[in-house]
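A short write-up of the structure that comes next.
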Amino acid sequence: MRDQLTHLARQAQRPHITVQVIPFSAGAHSGMPGSFIVLKFDGDGPDVIHVDSMAGGLFLEKEADIRHYKDTCQHLRAITLSPADTAALIASLREDR
């Protein structure tokens, strides 16, 4: 786990990567069912949602689905630790290992 934490800490220093942790104290949240990605494209193209599932990846293009996942992103951002607090947490966990 120490190597994984070291990798996360290094990646978080890259200018185009933000690492944030949802603390256990946040409890159950809307991101728990599984991972998803909001794909944004240059120009006027609509956003697309990619959802990982046991059946394979799903691409969602309906406006209601996109709105739901974007709302979920906002909720998740609201309950995460800041990037600085996340970095401090990762550093403290690395020291404990």
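We label chains A, B, ... in the order they appear in the structure tokens, count residues from 1 in each chain, and number ligands from 1 in the order shown.
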Go through segment 10-31 of chain A residue by residue and, counting only C-alpha atoms, keep those with an atom at most 10 Å from segment 75-84 of chain A; for each kept residue give the shortest atom pair and its distance in Å to one decimal, ordered by chain and increasing number, as a tab-separated table.
```
residue	atom	partner	partner_atom	distance
A:Ala12	CA	A:Pro83	CA	8.2
A:Thr18	CA	A:Pro83	CA	6.7
A:Val19	CA	A:Pro83	CA	6.0
A:Gln20	CA	A:Pro83	CA	5.3
A:Val21	CA	A:Thr80	CA	5.4
A:Ile22	CA	A:Thr80	CA	4.4
A:Pro23	CA	A:Thr80	CA	6.7
A:Ser25	CA	A:Ile79	CA	9.5
A:Ala26	CA	A:Ile79	CA	6.5
A:Gly27	CA	A:Ile79	CA	9.7
A:His29	CA	A:Leu76	CA	7.6
A:Ser30	CA	A:Leu76	CA	7.3
A:Gly31	CA	A:Leu76	CA	6.9
```
* Among segment 21-71 of chain A, which ones does DSSP place in alpha helix (DSSP H), written as an NGL selection string? -> :A and (63-71)
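When DSSP reads the backbone of this structure, the residues of chain A it assigns to strand (DSSP E or B) are Phe36, Ile37, Val38, Leu39, Val48, Ile49, His50, Val51, Leu58, Phe59 and Leu60 of chain A.
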* **For Ile49 of chain A: contacts at 7 Å, only C-alpha atoms, fewer than 2 positions along chain excluded, given as a list of chain:residue names** => A:Phe36, A:Ile37, A:Val38, A:Leu39, A:Asp47, A:Val51, A:Phe59, A:Leu60, A:Glu61, A:Ile66
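Distance-wise, atom CA of Gln74 of chain A and atom CA of Gly43 of chain A end up 22.7 Å apart.
Counting only C-alpha atoms, the residue from A:Ser35, A:Ala87, A:Pro15, A:Leu93 that sits nearest to Leu58 of chain A is A:Ser35.
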